[in-house]
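File shown: final.cif (mmCIF, C-alpha atoms).
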data_entry
loop_
_atom_site.label_atom_id
_atom_site.label_comp_id
_atom_site.auth_asym_id
_atom_site.auth_seq_id
_atom_site.Cartn_x
_atom_site.Cartn_y
_atom_site.Cartn_z
CA MET B 1 103.67 82.26 73.57
CA LYS B 2 100.12 81.65 74.77
CA LEU B 3 99.16 82.31 78.38
CA LYS B 4 98.70 78.62 79.18
CA GLU B 5 102.31 78.04 78.09
CA TYR B 6 103.60 80.82 80.31
CA PRO B 7 105.72 79.05 82.92
CA LYS B 8 105.01 81.21 85.97
CA ILE B 9 101.32 81.97 85.63
CA TYR B 10 100.53 80.23 88.93
CA LEU B 11 102.83 82.74 90.66
CA TYR B 12 100.99 85.64 89.04
CA LYS B 13 97.68 84.28 90.22
CA ARG B 14 98.87 84.16 93.82
CA VAL B 15 100.42 87.65 93.80
CA VAL B 16 97.35 89.12 92.07
CA HIS B 17 95.17 87.42 94.69
CA ALA B 18 97.22 89.09 97.46
CA LYS B 19 97.01 92.48 95.72
CA MET B 20 93.24 92.13 95.48
CA TYR B 21 93.18 91.13 99.16
CA ILE B 22 94.88 94.47 99.97
CA ASP B 23 92.38 96.32 97.73
CA LYS B 24 89.49 94.74 99.64
CA ASN B 25 90.84 94.94 103.20
CA PHE B 26 93.08 98.04 103.27
CA PHE B 27 91.03 99.64 106.06
CA GLU B 28 91.81 96.74 108.42
CA ALA B 29 94.98 96.47 110.49
CA LEU B 30 96.82 94.53 107.77
CA ASN B 31 100.38 93.43 108.13
CA LEU B 32 102.71 91.85 105.64
CA ASN B 33 102.53 88.42 107.25
CA LEU B 34 98.76 88.36 106.76
CA VAL B 35 99.10 89.39 103.13
CA SER B 36 101.92 86.98 102.30
CA ASP B 37 99.96 84.19 104.00
CA GLU B 38 97.13 85.07 101.66
CA ALA B 39 99.49 84.47 98.72
CA THR B 40 101.00 81.36 100.41
CA PHE B 41 104.53 82.67 99.94
CA SER B 42 107.40 83.29 102.30
CA LYS B 43 107.53 86.97 103.25
CA PHE B 44 110.80 87.57 101.37
CA HIS B 45 109.70 85.78 98.20
CA PHE B 46 106.36 87.59 98.26
CA ILE B 47 107.91 91.07 98.57
CA ARG B 48 110.30 90.35 95.70
CA LEU B 49 107.56 89.08 93.36
CA PHE B 50 105.11 91.82 94.32
CA LYS B 51 107.67 94.51 93.57
CA THR B 52 108.60 92.90 90.25
CA ILE B 53 104.96 93.01 89.14
CA TYR B 54 103.70 96.28 90.62
CA SER B 55 106.96 98.29 90.99
CA LEU B 56 106.04 98.92 94.65
CA THR B 57 106.55 96.86 97.78
CA PRO B 58 103.33 95.52 99.36
CA HIS B 59 103.76 98.08 102.15
CA GLN B 60 104.13 100.96 99.68
CA TYR B 61 101.12 99.68 97.74
CA LEU B 62 98.97 99.41 100.88
CA ARG B 63 99.89 102.98 101.82
CA LYS B 64 99.01 104.16 98.30
CA VAL B 65 95.59 102.46 98.39
CA ARG B 66 94.87 103.93 101.82
CA MET B 67 95.88 107.42 100.67
CA GLU B 68 93.75 107.19 97.51
CA ASN B 69 90.75 106.11 99.58
CA ALA B 70 91.30 108.91 102.10
CA LYS B 71 91.45 111.44 99.24
CA PHE B 72 88.24 110.03 97.80
CA LEU B 73 86.46 110.31 101.17
CA LEU B 74 87.72 113.87 101.77
CA ALA B 75 86.46 114.87 98.31
CA GLN B 76 83.05 113.44 99.26
CA GLY B 77 82.97 115.68 102.35
CA HIS B 78 84.04 113.24 105.10
CA SER B 79 85.88 114.75 108.07
CA ILE B 80 89.64 114.35 108.32
CA THR B 81 89.26 112.01 111.29
CA GLY B 82 86.62 109.98 109.45
CA ALA B 83 88.69 109.70 106.26
CA CYS B 84 91.75 108.71 108.31
CA GLU B 85 89.94 106.02 110.31
CA ARG B 86 88.01 104.59 107.37
CA SER B 87 91.21 104.28 105.33
CA GLY B 88 93.20 102.29 107.88
CA PHE B 89 95.68 104.93 109.06
CA GLU B 90 96.80 104.54 112.66
CA SER B 91 96.46 108.15 113.77
CA VAL B 92 95.35 111.51 112.45
CA SER B 93 98.81 113.00 113.01
CA THR B 94 100.54 110.23 110.99
CA PHE B 95 97.91 110.61 108.28
CA THR B 96 98.17 114.39 108.14
CA SER B 97 101.95 114.47 107.86
CA LEU B 98 101.99 111.70 105.25
CA PHE B 99 99.22 113.45 103.32
CA LYS B 100 101.15 116.71 103.25
CA LYS B 101 104.35 114.95 102.20
CA GLU B 102 102.70 113.08 99.33
CA ASN B 103 100.20 115.68 98.11
CA GLY B 104 101.90 118.97 98.91
CA THR B 105 98.91 120.24 100.88
CA THR B 106 97.03 119.47 104.09
CA PRO B 107 93.93 117.22 104.15
CA ALA B 108 91.85 120.23 105.25
CA VAL B 109 92.86 122.37 102.26
CA TYR B 110 92.49 119.41 99.88
CA ARG B 111 88.98 118.74 101.22
CA GLN B 112 88.00 122.40 100.89
CA LEU B 113 89.23 122.61 97.27
CA LYS B 114 87.51 119.38 96.25
CA LEU B 115 84.20 120.39 97.84
CA ALA B 116 84.33 123.77 96.06
CA LEU B 117 85.01 121.96 92.77
CA ARG B 118 82.16 119.54 93.44
CA ASN B 119 79.76 122.43 94.04
CA GLU B 120 80.88 124.16 90.88
CA MET B 121 80.30 120.95 88.88
CA LYS B 122 76.83 120.68 90.37
CA PHE B 123 75.67 124.26 89.91
CA GLN B 124 77.71 125.40 86.90
CA PRO B 125 78.19 122.22 84.86
CA ASN B 126 78.84 124.11 81.63
CA HIS B 127 82.19 125.18 83.08
CA PHE B 128 83.30 121.58 82.64
CA ILE B 129 81.65 120.41 79.44
CA PRO B 130 83.47 121.12 76.17
CA ASN B 131 81.43 123.26 73.80
CA CYS B 132 81.01 120.60 71.16
CA PHE B 133 79.00 118.53 73.66
CA ALA B 134 77.36 121.33 75.62
CA ALA B 135 76.04 123.06 72.49
CA VAL B 136 74.41 119.86 71.24
CA ASN B 137 72.66 119.54 74.59
CA GLU B 138 71.70 123.21 74.66
CA LEU B 139 73.61 123.82 77.89
CA LYS B 140 75.18 126.86 76.33
CA LYS B 141 75.50 128.45 72.95
CA SER B 142 78.35 127.18 70.88
CA ASN B 143 81.36 129.45 70.49
CA PHE B 144 81.12 128.70 66.81
CA GLU B 145 77.86 130.66 66.65
CA GLU B 146 79.50 133.68 68.29
CA VAL B 147 82.34 133.66 65.74
CA ALA B 148 79.92 133.38 62.81
CA MET U 1 99.18 123.86 65.84
CA ILE U 2 97.41 121.03 67.67
CA SER U 3 99.55 119.82 70.55
CA LYS U 4 97.66 116.97 72.21
CA LEU U 5 94.43 115.03 72.63
CA SER U 6 92.58 116.00 75.83
CA HIS U 7 89.17 114.26 75.50
CA VAL U 8 87.93 111.17 73.73
CA SER U 9 84.41 109.64 73.81
CA ILE U 10 83.35 106.07 74.37
CA TYR U 11 79.69 105.36 73.60
CA VAL U 12 77.99 103.05 76.09
CA LEU U 13 74.57 101.45 76.53
CA ASP U 14 74.17 102.39 80.22
CA GLN U 15 76.17 105.20 81.79
CA SER U 16 75.76 104.04 85.37
CA SER U 17 76.82 100.48 84.61
CA ALA U 18 79.75 101.82 82.55
CA ARG U 19 80.84 103.97 85.52
CA GLU U 20 80.98 100.84 87.68
CA PHE U 21 82.96 99.01 84.97
CA TYR U 22 85.55 101.71 84.23
CA VAL U 23 86.04 102.78 87.85
CA ASN U 24 85.68 99.58 89.89
CA LYS U 25 86.90 97.01 87.38
CA LEU U 26 89.45 98.87 85.26
CA GLY U 27 90.55 101.13 88.14
CA PHE U 28 90.11 104.43 86.29
CA LYS U 29 89.55 107.64 88.23
CA ILE U 30 86.57 109.95 87.86
CA HIS U 31 87.74 113.31 86.57
CA THR U 32 84.44 115.15 86.02
CA ASP U 33 80.91 114.25 87.01
CA ALA U 34 78.54 117.10 86.13
CA PRO U 35 74.82 117.09 85.27
CA MET U 36 74.07 117.23 81.54
CA GLY U 37 70.34 116.96 81.03
CA PRO U 38 67.78 114.49 82.39
CA ASP U 39 69.29 111.25 83.78
CA THR U 40 72.64 112.01 82.15
CA GLN U 41 75.97 113.17 83.50
CA TRP U 42 79.00 114.59 81.77
CA LEU U 43 81.16 111.80 83.12
CA THR U 44 84.84 111.59 82.30
CA VAL U 45 87.38 109.13 83.64
CA THR U 46 91.15 108.95 83.34
CA PRO U 47 93.54 106.00 83.28
CA PRO U 48 95.56 105.93 86.55
CA ASP U 49 98.86 107.04 84.97
CA GLN U 50 97.35 109.47 82.46
CA PRO U 51 95.38 112.08 84.44
CA ASP U 52 95.20 114.58 81.58
CA LEU U 53 93.41 112.38 79.05
CA GLU U 54 89.68 112.48 79.83
CA ILE U 55 87.60 109.62 78.48
CA ALA U 56 83.98 110.75 78.24
CA ILE U 57 81.53 107.95 78.97
CA MET U 58 78.69 108.89 76.64
CA PRO U 59 75.33 107.12 76.83
CA VAL U 60 73.69 106.36 73.49
CA LYS U 61 70.20 107.75 73.69
CA GLU U 62 67.82 109.93 71.79
CA GLY U 63 68.22 113.62 72.47
CA MET U 64 71.98 113.57 72.91
CA THR U 65 73.82 113.60 69.61
CA PHE U 66 71.44 110.91 68.35
CA THR U 67 68.04 110.81 66.71
CA LYS U 68 65.72 107.98 67.75
CA GLU U 69 66.73 105.96 64.70
CA SER U 70 70.45 106.59 64.92
CA ALA U 71 70.46 105.79 68.67
CA LYS U 72 68.76 102.46 67.96
CA ALA U 73 71.22 101.65 65.18
CA MET U 74 74.21 102.65 67.34
CA ARG U 75 73.02 100.54 70.30
CA THR U 76 72.68 97.52 68.04
CA LEU U 77 76.18 98.03 66.64
CA ILE U 78 77.67 98.34 70.15
CA GLU U 79 75.79 95.29 71.44
CA ASN U 80 77.08 93.31 68.48
CA GLY U 81 80.67 94.18 69.38
CA THR U 82 81.31 96.22 66.23
CA PHE U 83 83.62 98.81 67.74
CA GLY U 84 87.22 98.51 68.88
CA PHE U 85 87.83 101.77 70.73
CA GLY U 86 91.52 101.77 71.55
CA VAL U 87 94.59 100.29 73.13
CA PHE U 88 95.39 100.42 76.84
CA GLU U 89 98.90 99.80 78.07
CA CYS U 90 99.93 98.16 81.32
CA HIS U 91 103.22 97.39 83.05
CA ASP U 92 102.53 93.68 83.50
CA ILE U 93 99.95 92.16 81.22
CA TYR U 94 99.80 88.74 82.91
CA ALA U 95 99.00 90.28 86.30
CA THR U 96 96.51 92.73 84.78
CA TYR U 97 94.83 89.93 82.84
CA GLU U 98 94.51 87.77 85.96
CA GLU U 99 93.05 90.64 87.99
CA LEU U 100 90.53 91.77 85.36
CA LYS U 101 89.47 88.18 84.71
CA ALA U 102 88.95 87.67 88.45
CA LYS U 103 86.74 90.79 88.42
CA GLY U 104 84.60 89.31 85.66
CA VAL U 105 85.94 91.21 82.63
CA LYS U 106 85.35 89.28 79.40
CA PHE U 107 88.40 88.55 77.26
CA LYS U 108 88.32 87.70 73.58
CA LYS U 109 92.04 86.93 73.47
CA GLU U 110 94.31 85.94 76.36
CA PRO U 111 97.79 87.52 76.59
CA THR U 112 99.66 86.40 73.50
CA LYS U 113 103.11 87.32 72.20
CA GLU U 114 102.89 89.29 68.97
CA PHE U 115 105.70 90.95 67.01
CA TYR U 116 104.84 94.33 68.60
CA GLY U 117 104.55 93.10 72.19
CA ILE U 118 102.17 91.03 74.29
CA GLU U 119 98.49 91.64 73.63
CA ALA U 120 95.11 90.62 75.02
CA LEU U 121 91.62 91.75 73.95
CA PHE U 122 88.80 92.55 76.34
CA GLN U 123 85.26 93.88 76.16
CA ASP U 124 83.60 96.57 78.29
CA ASP U 125 80.14 96.07 79.82
CA SER U 126 78.45 97.51 76.71
CA GLY U 127 80.30 95.42 74.13
CA ASN U 128 83.11 97.78 73.07
CA TRP U 129 86.45 96.07 72.47
CA PHE U 130 89.86 97.21 73.67
CA SER U 131 93.34 95.91 73.20
CA LEU U 132 95.43 95.53 76.34
CA GLY U 133 99.11 95.69 75.59
CA GLN U 134 102.52 95.39 77.14
CA LYS U 135 105.33 96.66 74.95
CA ASN U 136 108.44 94.56 74.33
#
Could you write out this file's structure as structure tokens?
Amino acid sequence: MKLKEYPKIYLYKRVVHAKMYIDKNFFEALNLNLVSDEATFSKFHFIRLFKTIYSLTPHQYLRKVRMENAKFLLAQGHSITGACERSGFESVSTFTSLFKKENGTTPAVYRQLKLALRNEMKFQPNHFIPNCFAAVNELKKSNFEEVA
Amino acid sequence: MISKLSHVSIYVLDQSSAREFYVNKLGFKIHTDAPMGPDTQWLTVTPPDQPDLEIAIMPVKEGMTFTKESAKAMRTLIENGTFGFGVFECHDIYATYEELKAKGVKFKKEPTKEFYGIEALFQDDSGNWFSLGQKN
């Protein structure tokens, strides 16, 4: 069956539009009514369709996008408060407890580990580049040479 | 005994444009971003649900694994859409197709039912082709 023959494609377009609205506006004070309005669905119908397509409710998806963004900002060196605020979380305490629950560590430890990793990538890149590529680029001698 | 594939390379015309495509359009995550010579990074990305398969975004240019002539030939082949690099899977192909299309990704084939599942074909920003599939 071709896409144009697919009977519910107009529904997909509206749900995808709402998902992309979340992706673009997650840092705002979004609520479900705003998002379902964006998809021009009733709240109940919207939640059901969204979950069918993405296996998460819109609320769970919004929380996931916010958490991913906060992790990205922490890895870039933003403060915990900054990452929390710029990702749309209501308070640092809510963010910190949710972060620990979902990632098994605190935002502070996560940030510290990611910054250490970032520094290592910057100053010791050959720790991360497989030999077959590094040797070609003369970043380090190939292990093959050592064996021979 | 070999147990699994950990890295695979995709050759691209422009590494920085490819980063934007794979991260912001396809939604892949950056795994490693380390300097590897002048104006080049060792850049690997992973599909969202497959964090242990690193896809290395390799620019085609002289001085990497290419001579001047072979880089020119490779760039022409990529631009002409010669290479099909692989198959990506998704949970819902109609939703994924609508989202990627809205983000400006070029499709060669819209989602179509085949005997092995539903398949679409899309192109990255360099000209490499991929199949997008949803299993039956």
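For chain U, the residues having at least one atom no farther than 9 Å from chain B, when counting all atoms listed in the file, are His7, Thr32, Asp33, Ala34, Pro35, Met36, Gly37, Trp42, Gly63, Met64, Thr65, His91, Asp92, Tyr94, Ala95, Thr96, Glu98, Glu99, Ala102, Glu110, Pro111, Thr112, Lys113, Glu114 and Ile118 of chain U.
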Pick from U:Gly86, U:Trp129, U:Leu43, U:Ser3, whichever lies nearest to U:Glu20 using all atoms listed in the file:
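Selected residue with least distance to U:Glu20: U:Leu43.
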For a test of reading the model, state the distance in Å between atom CA of B:Lys51 and atom CA of U:Asn136, rounded to one decimal.
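Computing the Euclidean distance for atom CA of B:Lys51 and atom CA of U:Asn136 yields 19.3 Å.
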What separation in Å, quoted to one decimal, exists between atom CA of B:Ala75 and atom CA of B:Gln112?
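Calculated distance between atom CA of B:Ala75 and atom CA of B:Gln112 is 8.1 Å.
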Which residues, written as a count of residues only, have at least one atom at most 6 Å from stretch 64-71 of chain B, with all atoms listed in the file counted and residues fewer than 3 positions away on the same chain left out?
4
